[in-house]
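Engineer: Mind having a look at this structure? Questions to follow.
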Amino acid sequence: MVCLGNICRSPIAEGLLASKLPKETFHVDSCGTGDWHIGSQPDLRSIAVCKKNGLDISNQKCRQFTLSDFENFDYIYVMDKSNYDNVISLTNNEIHHSKVKLILSEKYFNEIKEVPDPYFGMENGFDIVYEMLDSTCDIIASKLISIHS
């Protein structure tokens, strides 16, 4: 799961998807394309919206996307087009390129939809992002479980 700073959207997505998959079979992680928050906890509003919905993401630590992520992960979901472009620009390898998807493309097949960054947004922006990611992670989890069973 990839967003800009790894403090808002991608930690929520990591927590949601990890909660929907068997831990012994899947490893879910998140990171940011920027380096501003390396080693920090997710934004307190991300932690709060997850806690309100029964998830604890307070132990997550922000990190930056690295080239080794292309090797370490089978699927790389990005939250928006800007981060998609940033991740894609790091490789010329078609195998790596094929791993990167806009997360909402799993729900909206023929449309380019982005998860809005709630950092500077509306008061209920974190709730909206949580709901978007929750329903999308249901789809992803179902797909991954069926592929790997």
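Chain identifiers are assigned as A, B, and so on, following the order in which chains appear in the structure tokens; residues are numbered from 1 within each chain, and ligands are numbered from 1 in order of appearance.
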Using only C-alpha atoms, find each residue of region 34-102 of chain A with at least one atom at most 9 Å away from an atom of region 14-20 of chain A; report its shortest atom-to-atom pair and that distance in Å (one decimal), sort the rows by chain and rising residue number, and return the result as a tab-separated table.

Structural biologist:
residue	atom	partner	partner_atom	distance
A:Cys50	CA	A:Gly15	CA	8.0
A:Leu55	CA	A:Gly15	CA	6.9
A:Asp56	CA	A:Gly15	CA	7.5
A:Ile57	CA	A:Gly15	CA	6.0
A:Gln60	CA	A:Gly15	CA	8.9

Engineer: Within region 11-106 of chain A, find each residue whose DSSP state, derived from the backbone, is strand (DSSP E or B), and express the selection as a PyMOL selection string.

Structural biologist: chain A and resi 31-32+64+76-78+100-102

Engineer: Include N, CA and C atoms and write out the residues we just selected as a short mmCIF file (atom, residue, chain, number, x, y, z; two decimals), in the first residue's frame.

Structural biologist:
data_model
loop_
_atom_site.label_atom_id
_atom_site.label_comp_id
_atom_site.auth_asym_id
_atom_site.auth_seq_id
_atom_site.Cartn_x
_atom_site.Cartn_y
_atom_site.Cartn_z
N CYS A 31 3.91 2.03 2.69
CA CYS A 31 5.04 2.95 2.61
C CYS A 31 4.58 4.21 1.87
N GLY A 32 5.48 5.17 1.82
CA GLY A 32 5.20 6.41 1.12
C GLY A 32 6.25 6.66 0.06
N GLN A 64 9.75 4.66 3.55
CA GLN A 64 9.71 5.12 2.16
C GLN A 64 9.79 3.93 1.22
N ILE A 76 1.41 -4.15 -5.61
CA ILE A 76 1.72 -2.82 -5.07
C ILE A 76 0.55 -1.92 -5.42
N TYR A 77 -0.22 -1.59 -4.39
CA TYR A 77 -1.40 -0.75 -4.58
C TYR A 77 -1.08 0.68 -4.17
N VAL A 78 -1.32 1.61 -5.09
CA VAL A 78 -1.08 3.03 -4.81
C VAL A 78 -2.42 3.75 -4.70
N VAL A 100 2.05 -2.88 -10.11
CA VAL A 100 1.58 -1.60 -9.58
C VAL A 100 0.19 -1.27 -10.14
N LYS A 101 -0.75 -1.00 -9.21
CA LYS A 101 -2.12 -0.66 -9.59
C LYS A 101 -2.65 0.44 -8.69
N LEU A 102 -3.53 1.24 -9.25
CA LEU A 102 -4.32 2.13 -8.41
C LEU A 102 -5.26 1.25 -7.59
#

Engineer: Can you work out which one of A:His37, A:Lys61, A:Lys107, A:Lys81 has the shortest atom-to-atom distance to Asp134 (chain A), counting only C-alpha atoms?

Structural biologist: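 Closest candidate: A:Lys107.
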
Engineer: Please determine, counting only C-alpha atoms, which residue among A:Asp127, A:Asp35, A:Glu114, A:Asp43 has the shortest atom-to-atom distance to Thr66 (chain A).

Structural biologist: A:Asp35

Engineer: Name the closest residue to Ser142 (chain A) among the candidates A:Leu4, A:Glu106, A:Asn53, A:Ser58; distances are taken between atoms, counting only C-alpha atoms.

Structural biologist: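 Of all the options, A:Glu106 lies closest to Ser142 (chain A).
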
Engineer: Which residue out of A:Leu104, A:Leu144, A:Ile112, A:Val129 has the minimum interatomic distance to Pro11 (chain A) when only C-alpha atoms are used?

Structural biologist: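 That would be A:Val129, the residue with the smallest distance to Pro11 (chain A).
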
Engineer: Which residue, A:Thr33, A:Thr25, A:Gln41, A:Ser10, has the smallest gap to Leu90 (chain A) when you use only C-alpha atoms?

Structural biologist: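 Answer, going by the shortest atom-to-atom distance: A:Thr33.
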
Engineer: Could you pull the residues within 9 Å of Leu133 (chain A), counting only C-alpha atoms, minus those fewer than 5 positions along the same chain, as a list of chain:residue names?

Structural biologist: A:Arg9, A:Ile12, A:Ala13, A:Leu16, A:Leu17, A:Ile103, A:Leu104, A:Val115, A:Ile128, A:Asp138

Engineer: Can you write out the residues you just picked, keeping N, CA and C atoms, as a PDB file, in the first residue's frame?

Structural biologist:
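Once written, part.pdb looks like this:
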ATOM      1  N   ARG A   9      -3.427   7.485   4.222  1.00  0.00           N
ATOM      2  CA  ARG A   9      -4.166   6.489   3.448  1.00  0.00           C
ATOM      3  C   ARG A   9      -3.532   5.105   3.494  1.00  0.00           C
ATOM      4  N   ILE A  12      -3.932   3.059   6.744  1.00  0.00           N
ATOM      5  CA  ILE A  12      -5.310   2.579   6.883  1.00  0.00           C
ATOM      6  C   ILE A  12      -5.503   1.353   5.985  1.00  0.00           C
ATOM      7  N   ALA A  13      -5.051   1.461   4.730  1.00  0.00           N
ATOM      8  CA  ALA A  13      -5.193   0.351   3.791  1.00  0.00           C
ATOM      9  C   ALA A  13      -4.430  -0.882   4.275  1.00  0.00           C
ATOM     10  N   LEU A  16      -6.420  -2.432   7.161  1.00  0.00           N
ATOM     11  CA  LEU A  16      -7.650  -3.064   6.677  1.00  0.00           C
ATOM     12  C   LEU A  16      -7.364  -4.380   5.952  1.00  0.00           C
ATOM     13  N   LEU A  17      -6.469  -4.347   4.982  1.00  0.00           N
ATOM     14  CA  LEU A  17      -6.210  -5.557   4.213  1.00  0.00           C
ATOM     15  C   LEU A  17      -5.611  -6.651   5.095  1.00  0.00           C
ATOM     16  N   ILE A 103      -5.305   1.434  -6.294  1.00  0.00           N
ATOM     17  CA  ILE A 103      -6.079   0.538  -5.438  1.00  0.00           C
ATOM     18  C   ILE A 103      -7.556   0.509  -5.834  1.00  0.00           C
ATOM     19  N   LEU A 104      -8.119   1.650  -6.183  1.00  0.00           N
ATOM     20  CA  LEU A 104      -9.547   1.679  -6.504  1.00  0.00           C
ATOM     21  C   LEU A 104      -9.869   1.031  -7.851  1.00  0.00           C
ATOM     22  N   VAL A 115      -7.942   7.623  -4.285  1.00  0.00           N
ATOM     23  CA  VAL A 115      -8.300   7.813  -2.885  1.00  0.00           C
ATOM     24  C   VAL A 115      -7.830   9.220  -2.519  1.00  0.00           C
ATOM     25  N   ILE A 128     -14.338   9.000   5.329  1.00  0.00           N
ATOM     26  CA  ILE A 128     -14.623   8.724   3.919  1.00  0.00           C
ATOM     27  C   ILE A 128     -13.551   7.813   3.333  1.00  0.00           C
ATOM     28  N   ASP A 138     -12.040  -5.429   0.917  1.00  0.00           N
ATOM     29  CA  ASP A 138     -12.876  -6.629   0.883  1.00  0.00           C
ATOM     30  C   ASP A 138     -12.716  -7.339  -0.464  1.00  0.00           C
TER      31      ASP A 138
END

Engineer: Run DSSP on the backbone and tell me which residues of chain A come out as helix (DSSP H, G or I); list them as number ranges by chain.

Structural biologist: A: 9-20, 44-52, 68-72, 81-88, 94-99, 103-106, 125-147

Engineer: Find the residues near Tyr75 (chain A): any atom within 12 Å, counting only C-alpha atoms, skip ones fewer than 6 places away on the same chain, and give them as a PyMOL selection string.

Structural biologist: chain A and resi 1-2+26-30+69+95-103+106+140-141+143-144

Engineer: Which residue is closest to Ser40 (chain A)? Choose from A:Ile147, A:Asn6, A:Asn92, A:Met79 and count only C-alpha atoms.

Structural biologist: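 Among A:Ile147, A:Asn6, A:Asn92, A:Met79, it is A:Asn6 that comes nearest to Ser40 (chain A).
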